[in-house]
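Asks: Input file: final_22.cif. Contents: mmCIF, C-alpha atoms.
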```
data_entry
loop_
_atom_site.group_PDB
_atom_site.id
_atom_site.type_symbol
_atom_site.label_atom_id
_atom_site.label_comp_id
_atom_site.auth_asym_id
_atom_site.auth_seq_id
_atom_site.Cartn_x
_atom_site.Cartn_y
_atom_site.Cartn_z
ATOM 1 C CA MET A 1 0.000 0.000 0.000
ATOM 2 C CA THR A 2 1.193 3.481 -0.884
ATOM 3 C CA ARG A 3 0.040 6.692 0.791
ATOM 4 C CA ILE A 4 -0.871 9.027 -2.078
ATOM 5 C CA ALA A 5 -1.806 12.698 -2.274
ATOM 6 C CA PHE A 6 -4.170 12.884 -5.245
ATOM 7 C CA ILE A 7 -4.698 16.408 -6.524
ATOM 8 C CA GLY A 8 -7.371 17.174 -9.110
ATOM 9 C CA LEU A 9 -10.548 15.092 -9.247
ATOM 10 C CA GLY A 10 -11.897 16.156 -12.621
ATOM 11 C CA ALA A 11 -13.157 13.920 -15.428
ATOM 12 C CA MET A 12 -9.836 12.066 -15.532
ATOM 13 C CA GLY A 13 -8.673 12.394 -11.951
ATOM 14 C CA LEU A 14 -11.724 11.018 -10.180
ATOM 15 C CA PRO A 15 -11.793 7.624 -11.951
ATOM 16 C CA MET A 16 -8.008 7.342 -11.635
ATOM 17 C CA ALA A 17 -8.219 8.002 -7.901
ATOM 18 C CA ARG A 18 -10.979 5.427 -7.551
ATOM 19 C CA ASN A 19 -8.802 2.822 -9.249
ATOM 20 C CA LEU A 20 -5.984 3.544 -6.818
ATOM 21 C CA LEU A 21 -8.343 3.031 -3.879
ATOM 22 C CA ALA A 22 -9.558 -0.212 -5.443
ATOM 23 C CA ALA A 23 -5.931 -1.349 -5.758
ATOM 24 C CA GLY A 24 -5.517 -0.964 -2.001
ATOM 25 C CA HIS A 25 -3.707 2.361 -1.771
ATOM 26 C CA GLU A 26 -4.459 5.039 0.826
ATOM 27 C CA LEU A 27 -5.429 8.436 -0.599
ATOM 28 C CA VAL A 28 -5.604 11.994 0.676
ATOM 29 C CA ALA A 29 -7.423 14.262 -1.792
ATOM 30 C CA VAL A 30 -7.168 17.921 -2.741
ATOM 31 C CA ASP A 31 -9.698 19.514 -5.077
ATOM 32 C CA SER A 32 -11.377 22.896 -5.469
ATOM 33 C CA ASP A 33 -14.778 21.160 -5.371
ATOM 34 C CA PRO A 34 -15.543 19.462 -2.026
ATOM 35 C CA GLY A 35 -18.332 17.519 -3.722
ATOM 36 C CA ARG A 36 -15.824 15.617 -5.846
ATOM 37 C CA ILE A 37 -13.869 14.636 -2.749
ATOM 38 C CA GLU A 38 -17.111 13.321 -1.249
ATOM 39 C CA LEU A 39 -17.693 11.270 -4.405
ATOM 40 C CA LEU A 40 -14.253 9.750 -4.012
ATOM 41 C CA GLY A 41 -14.801 8.951 -0.358
ATOM 42 C CA ALA A 42 -11.252 9.754 0.723
ATOM 43 C CA PRO A 43 -10.090 12.181 3.429
ATOM 44 C CA ALA A 44 -9.406 15.738 2.284
ATOM 45 C CA ALA A 45 -6.368 17.893 2.951
ATOM 46 C CA LYS A 46 -6.561 21.658 3.361
ATOM 47 C CA SER A 47 -3.715 22.277 0.924
ATOM 48 C CA PRO A 48 -1.216 20.455 -1.265
ATOM 49 C CA ALA A 49 1.427 21.086 1.408
ATOM 50 C CA ASP A 50 -0.706 19.370 4.053
ATOM 51 C CA ALA A 51 -1.391 16.473 1.688
ATOM 52 C CA ALA A 52 2.335 16.056 0.987
ATOM 53 C CA ALA A 53 3.190 16.015 4.682
ATOM 54 C CA ALA A 54 0.887 13.018 5.206
ATOM 55 C CA THR A 55 1.880 10.928 2.172
ATOM 56 C CA GLU A 56 4.739 9.438 0.144
ATOM 57 C CA VAL A 57 3.898 10.579 -3.372
ATOM 58 C CA ALA A 58 1.612 13.099 -5.071
ATOM 59 C CA LEU A 59 -0.276 12.436 -8.302
ATOM 60 C CA LEU A 60 -1.569 15.470 -10.168
ATOM 61 C CA SER A 61 -4.392 15.632 -12.722
ATOM 62 C CA LEU A 62 -4.876 19.328 -13.396
ATOM 63 C CA PRO A 63 -6.258 21.429 -16.282
ATOM 64 C CA SER A 64 -3.357 23.770 -17.035
ATOM 65 C CA PRO A 65 0.388 24.328 -16.594
ATOM 66 C CA ALA A 66 -0.373 27.353 -14.386
ATOM 67 C CA ALA A 67 -2.390 25.144 -12.025
ATOM 68 C CA VAL A 68 0.419 22.588 -11.900
ATOM 69 C CA GLU A 69 3.034 25.236 -11.112
ATOM 70 C CA ASP A 70 0.921 26.674 -8.298
ATOM 71 C CA VAL A 71 0.190 23.266 -6.759
ATOM 72 C CA VAL A 72 3.848 22.264 -6.862
ATOM 73 C CA LEU A 73 5.707 25.499 -6.088
ATOM 74 C CA GLY A 74 3.077 27.798 -4.578
ATOM 75 C CA ARG A 75 3.136 29.104 -1.011
ATOM 76 C CA HIS A 76 1.076 26.132 0.177
ATOM 77 C CA GLY A 77 2.304 23.816 -2.564
ATOM 78 C CA LEU A 78 3.707 20.322 -2.463
ATOM 79 C CA ARG A 79 7.318 21.452 -2.170
ATOM 80 C CA ALA A 80 6.495 23.343 1.010
ATOM 81 C CA GLY A 81 5.192 20.243 2.784
ATOM 82 C CA ALA A 82 7.172 17.439 1.167
ATOM 83 C CA PRO A 83 8.900 15.057 3.581
ATOM 84 C CA ALA A 84 12.178 13.317 2.839
ATOM 85 C CA ASP A 85 12.097 10.930 -0.129
ATOM 86 C CA PHE A 86 8.837 12.412 -1.471
ATOM 87 C CA ALA A 87 7.905 12.253 -5.171
ATOM 88 C CA VAL A 88 5.661 14.305 -7.435
ATOM 89 C CA ILE A 89 4.113 12.646 -10.496
ATOM 90 C CA ASP A 90 2.328 15.088 -12.806
ATOM 91 C CA MET A 91 -0.219 13.229 -14.932
ATOM 92 C CA SER A 92 -1.656 16.400 -16.458
ATOM 93 C CA THR A 93 -0.910 17.427 -20.043
ATOM 94 C CA GLY A 94 1.430 20.391 -19.963
ATOM 95 C CA SER A 95 4.646 21.996 -21.080
ATOM 96 C CA PRO A 96 7.917 20.053 -21.393
ATOM 97 C CA ILE A 97 9.720 23.301 -20.600
ATOM 98 C CA LEU A 98 7.799 23.661 -17.328
ATOM 99 C CA ALA A 99 8.309 19.964 -16.539
ATOM 100 C CA ARG A 100 12.066 20.382 -16.775
ATOM 101 C CA ARG A 101 12.001 23.480 -14.564
ATOM 102 C CA LEU A 102 9.824 21.795 -11.947
ATOM 103 C CA ALA A 103 12.095 18.745 -11.952
ATOM 104 C CA ALA A 104 15.151 20.942 -11.340
ATOM 105 C CA GLU A 105 13.534 22.972 -8.565
ATOM 106 C CA LEU A 106 12.111 19.897 -6.844
ATOM 107 C CA ALA A 107 15.476 18.129 -7.052
ATOM 108 C CA GLU A 108 17.053 21.067 -5.196
ATOM 109 C CA ALA A 109 14.532 20.411 -2.408
ATOM 110 C CA GLY A 110 15.319 16.688 -2.385
ATOM 111 C CA VAL A 111 12.041 15.735 -4.094
ATOM 112 C CA GLU A 112 11.819 13.244 -6.968
ATOM 113 C CA SER A 113 9.549 13.932 -9.930
ATOM 114 C CA LEU A 114 8.090 12.446 -13.087
ATOM 115 C CA ASP A 115 5.994 13.977 -15.834
ATOM 116 C CA ALA A 116 3.519 11.253 -16.773
ATOM 117 C CA PRO A 117 0.673 12.513 -18.971
ATOM 118 C CA VAL A 118 -1.938 10.024 -20.082
ATOM 119 C CA SER A 119 -3.997 9.124 -23.130
ATOM 120 C CA GLY A 120 -7.271 7.228 -23.164
ATOM 121 C CA GLY A 121 -9.831 9.711 -21.912
ATOM 122 C CA PRO A 122 -12.308 9.240 -19.060
ATOM 123 C CA ARG A 123 -13.243 5.779 -20.338
ATOM 124 C CA GLY A 124 -9.631 4.658 -20.236
ATOM 125 C CA ALA A 125 -9.215 6.247 -16.815
ATOM 126 C CA GLY A 126 -12.219 4.331 -15.525
ATOM 127 C CA ALA A 127 -11.028 1.043 -17.002
ATOM 128 C CA ALA A 128 -7.411 1.550 -15.830
ATOM 129 C CA SER A 129 -6.370 1.085 -19.459
ATOM 130 C CA LEU A 130 -4.557 4.380 -20.011
ATOM 131 C CA THR A 131 -1.387 4.859 -22.000
ATOM 132 C CA ILE A 132 1.079 6.674 -19.721
ATOM 133 C CA MET A 133 4.055 8.527 -21.215
ATOM 134 C CA VAL A 134 6.735 9.168 -18.627
ATOM 135 C CA GLY A 135 9.641 11.565 -18.446
ATOM 136 C CA GLY A 136 12.192 11.578 -15.630
ATOM 137 C CA ARG A 137 15.104 9.726 -14.068
ATOM 138 C CA ARG A 138 15.097 6.003 -14.764
ATOM 139 C CA GLU A 139 15.534 5.219 -11.067
ATOM 140 C CA THR A 140 12.497 7.311 -10.160
ATOM 141 C CA PHE A 141 10.477 5.676 -12.909
ATOM 142 C CA GLU A 142 11.352 2.177 -11.708
ATOM 143 C CA ARG A 143 10.469 3.116 -8.126
ATOM 144 C CA TRP A 144 6.946 4.202 -9.090
ATOM 145 C CA ARG A 145 6.303 2.065 -12.142
ATOM 146 C CA SER A 146 4.030 -0.432 -10.375
ATOM 147 C CA LEU A 147 1.891 2.419 -9.042
ATOM 148 C CA LEU A 148 1.431 3.777 -12.568
ATOM 149 C CA GLU A 149 0.604 0.284 -13.786
ATOM 150 C CA ASP A 150 -2.425 0.345 -11.470
ATOM 151 C CA LEU A 151 -3.745 3.086 -13.771
ATOM 152 C CA GLY A 152 -2.661 2.064 -17.270
ATOM 153 C CA ARG A 153 -2.173 -0.808 -19.669
ATOM 154 C CA LEU A 154 0.897 0.738 -21.313
ATOM 155 C CA VAL A 155 3.416 2.590 -19.153
ATOM 156 C CA VAL A 156 6.518 3.755 -21.021
ATOM 157 C CA ARG A 157 9.476 5.861 -19.950
ATOM 158 C CA VAL A 158 10.142 8.101 -22.945
ATOM 159 C CA GLY A 159 13.246 9.841 -21.628
ATOM 160 C CA ASP A 160 14.381 12.428 -19.103
ATOM 161 C CA ALA A 161 12.296 15.205 -17.553
ATOM 162 C CA GLY A 162 9.902 16.757 -20.061
ATOM 163 C CA ALA A 163 9.991 13.836 -22.484
ATOM 164 C CA GLY A 164 6.618 12.502 -21.338
ATOM 165 C CA GLN A 165 5.000 15.879 -21.934
ATOM 166 C CA ALA A 166 6.645 16.179 -25.338
ATOM 167 C CA ALA A 167 5.305 12.773 -26.381
ATOM 168 C CA LYS A 168 1.810 13.661 -25.180
ATOM 169 C CA LEU A 169 1.806 16.935 -27.110
ATOM 170 C CA CYS A 170 2.846 15.029 -30.228
ATOM 171 C CA ASN A 171 -0.047 12.634 -29.640
ATOM 172 C CA ASN A 172 -2.556 15.442 -29.214
ATOM 173 C CA LEU A 173 -1.210 17.318 -32.220
ATOM 174 C CA VAL A 174 -2.021 14.244 -34.327
ATOM 175 C CA ALA A 175 -5.435 13.755 -32.681
ATOM 176 C CA GLY A 176 -6.402 17.408 -32.999
ATOM 177 C CA ALA A 177 -5.283 17.690 -36.606
ATOM 178 C CA THR A 178 -7.002 14.411 -37.481
ATOM 179 C CA MET A 179 -10.316 15.657 -36.098
ATOM 180 C CA ALA A 180 -9.983 19.002 -37.877
ATOM 181 C CA ALA A 181 -9.402 17.174 -41.170
ATOM 182 C CA LEU A 182 -12.215 14.707 -40.452
ATOM 183 C CA ALA A 183 -14.622 17.574 -39.781
ATOM 184 C CA GLU A 184 -13.745 19.134 -43.128
ATOM 185 C CA ALA A 185 -14.140 15.821 -44.945
ATOM 186 C CA CYS A 186 -17.535 15.212 -43.330
ATOM 187 C CA GLY A 187 -18.721 18.685 -44.305
ATOM 188 C CA LEU A 188 -17.656 18.127 -47.890
ATOM 189 C CA ALA A 189 -19.310 14.702 -48.019
ATOM 190 C CA VAL A 190 -22.611 16.063 -46.672
ATOM 191 C CA ARG A 191 -22.592 18.786 -49.334
ATOM 192 C CA GLU A 192 -22.151 16.043 -51.914
ATOM 193 C CA ALA A 193 -25.140 14.151 -50.440
ATOM 194 C CA VAL A 194 -23.023 11.247 -49.234
ATOM 195 C CA ASP A 195 -24.864 9.346 -46.488
ATOM 196 C CA PRO A 196 -22.853 9.851 -43.254
ATOM 197 C CA ALA A 197 -23.401 6.213 -42.266
ATOM 198 C CA VAL A 198 -21.976 5.062 -45.586
ATOM 199 C CA LEU A 199 -19.094 7.507 -45.231
ATOM 200 C CA TYR A 200 -18.282 6.167 -41.768
ATOM 201 C CA ASP A 201 -18.208 2.587 -43.008
ATOM 202 C CA LEU A 202 -15.991 3.552 -45.934
ATOM 203 C CA LEU A 203 -13.541 5.584 -43.858
ATOM 204 C CA THR A 204 -13.168 2.934 -41.157
ATOM 205 C CA GLY A 205 -12.425 0.396 -43.896
ATOM 206 C CA SER A 206 -9.954 2.582 -45.772
ATOM 207 C CA THR A 207 -6.655 4.389 -45.296
ATOM 208 C CA ALA A 208 -8.410 7.236 -43.431
ATOM 209 C CA ASP A 209 -9.197 4.936 -40.505
ATOM 210 C CA SER A 210 -8.057 6.061 -37.054
ATOM 211 C CA ARG A 211 -8.921 5.806 -33.388
ATOM 212 C CA VAL A 212 -10.143 9.406 -33.534
ATOM 213 C CA LEU A 213 -12.603 8.402 -36.266
ATOM 214 C CA ARG A 214 -13.773 5.288 -34.437
ATOM 215 C CA THR A 215 -14.399 7.006 -31.104
ATOM 216 C CA ARG A 216 -15.847 10.390 -32.127
ATOM 217 C CA PHE A 217 -17.206 10.570 -35.673
ATOM 218 C CA PRO A 218 -18.407 14.199 -35.697
ATOM 219 C CA ILE A 219 -21.855 13.596 -37.222
ATOM 220 C CA GLY A 220 -24.482 12.328 -34.803
ATOM 221 C CA GLY A 221 -26.583 9.225 -35.179
ATOM 222 C CA ILE A 222 -23.859 6.897 -36.441
ATOM 223 C CA ASP A 223 -22.719 5.441 -33.117
ATOM 224 C CA VAL A 224 -24.552 6.057 -29.850
ATOM 225 C CA GLU A 225 -21.245 6.049 -27.943
ATOM 226 C CA HIS A 226 -19.818 8.967 -29.912
ATOM 227 C CA PRO A 227 -20.111 12.491 -28.461
ATOM 228 C CA ALA A 228 -21.838 13.804 -31.605
ATOM 229 C CA SER A 229 -24.746 11.448 -30.879
ATOM 230 C CA ASN A 230 -25.092 12.929 -27.392
ATOM 231 C CA GLY A 231 -25.064 16.669 -28.001
ATOM 232 C CA TYR A 232 -21.247 16.605 -28.183
ATOM 233 C CA GLU A 233 -21.079 15.764 -24.479
ATOM 234 C CA ARG A 234 -17.375 15.929 -23.827
ATOM 235 C CA LEU A 235 -14.989 13.068 -23.471
ATOM 236 C CA PHE A 236 -12.162 15.542 -24.040
ATOM 237 C CA ALA A 237 -13.071 19.213 -24.148
ATOM 238 C CA LEU A 238 -12.493 21.330 -27.216
ATOM 239 C CA ASP A 239 -10.951 24.005 -24.947
ATOM 240 C CA LEU A 240 -8.379 21.463 -23.751
ATOM 241 C CA MET A 241 -7.515 20.425 -27.298
ATOM 242 C CA GLY A 242 -7.000 24.089 -28.131
ATOM 243 C CA LYS A 243 -4.749 24.457 -25.095
ATOM 244 C CA ASP A 244 -2.688 21.422 -26.091
ATOM 245 C CA LEU A 245 -2.250 22.684 -29.646
ATOM 246 C CA ASP A 246 -1.085 26.002 -28.205
ATOM 247 C CA LEU A 247 1.461 24.131 -26.092
ATOM 248 C CA ALA A 248 2.631 22.144 -29.137
ATOM 249 C CA LEU A 249 3.049 25.360 -31.113
ATOM 250 C CA GLU A 250 4.985 26.944 -28.232
ATOM 251 C CA LEU A 251 7.265 23.919 -28.078
ATOM 252 C CA GLY A 252 7.773 24.029 -31.838
ATOM 253 C CA ALA A 253 8.742 27.674 -31.634
ATOM 254 C CA ALA A 254 11.182 26.973 -28.796
ATOM 255 C CA GLN A 255 12.791 24.156 -30.794
ATOM 256 C CA GLY A 256 12.775 26.004 -34.120
ATOM 257 C CA VAL A 257 10.351 23.528 -35.707
ATOM 258 C CA ASP A 258 7.608 24.948 -37.936
ATOM 259 C CA LEU A 259 4.204 23.270 -37.377
ATOM 260 C CA PRO A 260 1.902 24.527 -40.159
ATOM 261 C CA VAL A 261 -0.645 21.706 -39.769
ATOM 262 C CA ALA A 262 -0.905 22.327 -36.022
ATOM 263 C CA ARG A 263 -1.310 26.044 -36.711
ATOM 264 C CA ALA A 264 -4.112 25.507 -39.237
ATOM 265 C CA SER A 265 -5.845 23.033 -36.933
ATOM 266 C CA ARG A 266 -5.623 25.476 -34.041
ATOM 267 C CA ALA A 267 -7.460 28.053 -36.171
ATOM 268 C CA SER A 268 -10.359 25.606 -36.605
ATOM 269 C CA TYR A 269 -10.676 25.074 -32.867
ATOM 270 C CA ARG A 270 -10.432 28.800 -32.214
ATOM 271 C CA LYS A 271 -13.398 29.350 -34.547
ATOM 272 C CA ALA A 272 -15.397 26.819 -32.528
ATOM 273 C CA GLN A 273 -14.397 28.509 -29.280
ATOM 274 C CA GLU A 274 -15.537 31.861 -30.647
ATOM 275 C CA GLN A 275 -18.949 30.263 -31.169
ATOM 276 C CA GLY A 276 -19.109 29.153 -27.539
ATOM 277 C CA LEU A 277 -18.396 25.460 -28.172
ATOM 278 C CA GLY A 278 -15.253 25.154 -26.093
ATOM 279 C CA HIS A 279 -16.931 23.249 -23.252
ATOM 280 C CA LEU A 280 -18.094 20.507 -25.635
ATOM 281 C CA ASP A 281 -16.143 17.530 -26.939
ATOM 282 C CA TYR A 282 -13.473 18.487 -29.430
ATOM 283 C CA SER A 283 -15.421 16.742 -32.215
ATOM 284 C CA ALA A 284 -17.712 19.788 -32.013
ATOM 285 C CA VAL A 285 -15.155 21.489 -34.254
ATOM 286 C CA TYR A 286 -17.425 20.092 -36.989
ATOM 287 C CA ALA A 287 -20.499 21.844 -35.570
ATOM 288 C CA ALA A 288 -18.739 25.204 -35.737
ATOM 289 C CA ARG A 289 -18.787 25.036 -39.535
ATOM 290 C CA HIS A 290 -21.825 22.834 -40.067
ATOM 291 C CA PRO A 291 -24.406 23.679 -37.360
#
```
How does this structure look as structure tokens?
Replies:
Amino acid sequence: MTRIAFIGLGAMGLPMARNLLAAGHELVAVDSDPGRIELLGAPAAKSPADAAAATEVALLSLPSPAAVEDVVLGRHGLRAGAPADFAVIDMSTGSPILARRLAAELAEAGVESLDAPVSGGPRGAGAASLTIMVGGRRETFERWRSLLEDLGRLVVRVGDAGAGQAAKLCNNLVAGATMAALAEACGLAVREAVDPAVLYDLLTGSTADSRVLRTRFPIGGIDVEHPASNGYERLFALDLMGKDLDLALELGAAQGVDLPVARASRASYRKAQEQGLGHLDYSAVYAARHP
């Protein structure tokens, strides 16, 4: 059993935390919404610092790099309360540049760290079938690998600090661009009077097939499990996809790598956000152009 400070009980964090409880670990929770802590059924801490003082490792599932930085380095953050031999594992999607800075500052305080963003969405979080991309020291990874395996089916150390975040941004660049292209293709097909059900069958049986296509075809009525068939109820919010594309573009700029496809895709999501669709699933990028 491991004593864990779990911070962030959103759509991903809550099912992940529940899986850790089911695996026999002891959790202390921190979240801005007390109701989510009640749903988890674990004791609450007043601050990340208090949670760190009572545990061995912190797992973070937070919506933005700014939130991660505050939770880790803020006045009442994890670093302030971390005991000897503590570790911070950030499972949010964020900036490789920030991950490297946090790793350096935590190391100065004697705290281990990993950046370990995940892919698989709320369904994968609930089923403990996530893909987990890890950056950090090999020794730290091996120490906490079994804990991460309680949450995912594929746990891979990509490289040193920041490498997990870089891999996740590459993943989301592909997913976001794929959906933007799929939305355009669907709009064109509808204009040409192609039956969406026929189009779906053809695409899933052709070279355009992808997991993005099979889990969130952007026209409703084709698969009841897809967000488009449920008012674009989010599995992964359009606002978050926009944020991740911004992070990918920032990383590209820092590395001197031009990302024209990411830039064009980001423009499509921005148009949807301007129409107030940011809280919906990112497949709603189609609805922005074809309401």
Asks: May I have the residues within 12 Å of Ala53 (chain A) as a PyMOL selection string, using only C-alpha atoms and disregarding those fewer than 2 positions away in the same chain?
Replies: chain A and resi 3-5+28+45-51+55-58+76-87
Asks: Residues at most 6 Å from Gly136 (chain A), counting all atoms listed in the file, excluding those fewer than 4 positions away in the same chain, as a PyMOL selection string?
Replies: chain A and resi 114+160-161
Asks: Check which residues satisfy the PyMOL selection byres ((chain A and resi 64) around 9) in the file shown, then give them as an MDAnalysis selection string.
Replies: chainID A and resid 62:63 65:69 92:94 240 243
Asks: Between CA of Ile89 (chain A) and CA of Leu60 (chain A), what is the distance, to one decimal in Å?
Replies: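 Between these atoms lies a distance of 6.4 Å.
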Asks: Can you turn the PyMOL selection byres ((chain A and resi 141) around 12) into a concrete residue list for this file, as JSON, numbers by chain?
Replies: {"A": [87, 88, 89, 112, 113, 114, 115, 116, 132, 133, 134, 135, 136, 137, 138, 139, 140, 142, 143, 144, 145, 146, 147, 148, 149, 155, 156, 157, 158, 159, 160, 161, 164]}
Asks: Give me the residues near region 270-281 of chain A as an NGL selection string, where near means some atom within 6 Å (using all atoms listed in the file) and where sequence neighbours in that chain fewer than 5 positions away do not count.
Replies: :A and (232-239 or 288)
Asks: Apply the PyMOL selection byres ((chain A and resi 119) around 7) to the file shown and report the selected residues as a VMD selection string.
Replies: chain A and resid 118 120 to 121 130 to 132
Asks: Please indicate the distance in Å from CA of Pro122 (chain A) to CA of Ala11 (chain A), rounded to one decimal place.
Replies: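 These two atoms are separated by 6.0 Å.
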Asks: Using only C-alpha atoms, pick whichever of A:Met16, A:Ala52, A:Val30, A:Ala104 has the shortest atom-to-atom distance to Gly152 (chain A).
Replies: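 Residue with the minimum atom-to-atom distance to Gly152 (chain A): A:Met16.
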Asks: For CA of Ala177 (chain A) and CA of Ser265 (chain A), quote the distance in Å rounded to one decimal.
Replies: 5.4 Å
Asks: Tell me, as a VMD selection string, which residues lie within 10 Å of Gly13 (chain A), counting only C-alpha atoms; anything in the same chain fewer than 3 positions away does not count.
Replies: chain A and resid 6 to 10 16 to 19 31 36 59 to 62 91 to 92 122 125 to 126
Asks: Counting only C-alpha atoms, figure out which residue out of A:Ser129, A:Glu105, A:Glu38, A:Asn230 gets nearest to Ala284 (chain A).
Replies: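 Between A:Ser129, A:Glu105, A:Glu38, A:Asn230, the residue approaching Ala284 (chain A) most closely is A:Asn230.
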Asks: So, with all atoms listed in the file as the atoms that count, which of A:Leu182, A:Met241, A:Ala193, A:Met12 lies closest to Pro117 (chain A)?
Replies: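 Between A:Leu182, A:Met241, A:Ala193, A:Met12, the residue approaching Pro117 (chain A) most closely is A:Met12.
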Asks: From the list A:Ala287, A:Ala54, A:Met1, A:Ala42, which residue is nearest Glu184 (chain A) when using all atoms listed in the file?
Replies: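 That would be A:Ala287, the residue with the smallest distance to Glu184 (chain A).
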Asks: Please identify all polymer residues within 9 Å of Ala262 (chain A), counting only C-alpha atoms, omitting same-chain residues fewer than 5 positions from it, and present them as number ranges by chain.
Replies: A: 173-174, 176-177, 245-246, 248-249, 267
Asks: Please give the centre and size of the box around region 113-126 of chain A (axis-aligned, containing every atom listed in the file, 4 Å added per side), with values in Å to one decimal and written as lines of an AutoDock Vina configuration file.
Replies:
```
center_x = -1.8
center_y = 9.2
center_z = -16.5
size_x = 30.8
size_y = 17.6
size_z = 21.2
```
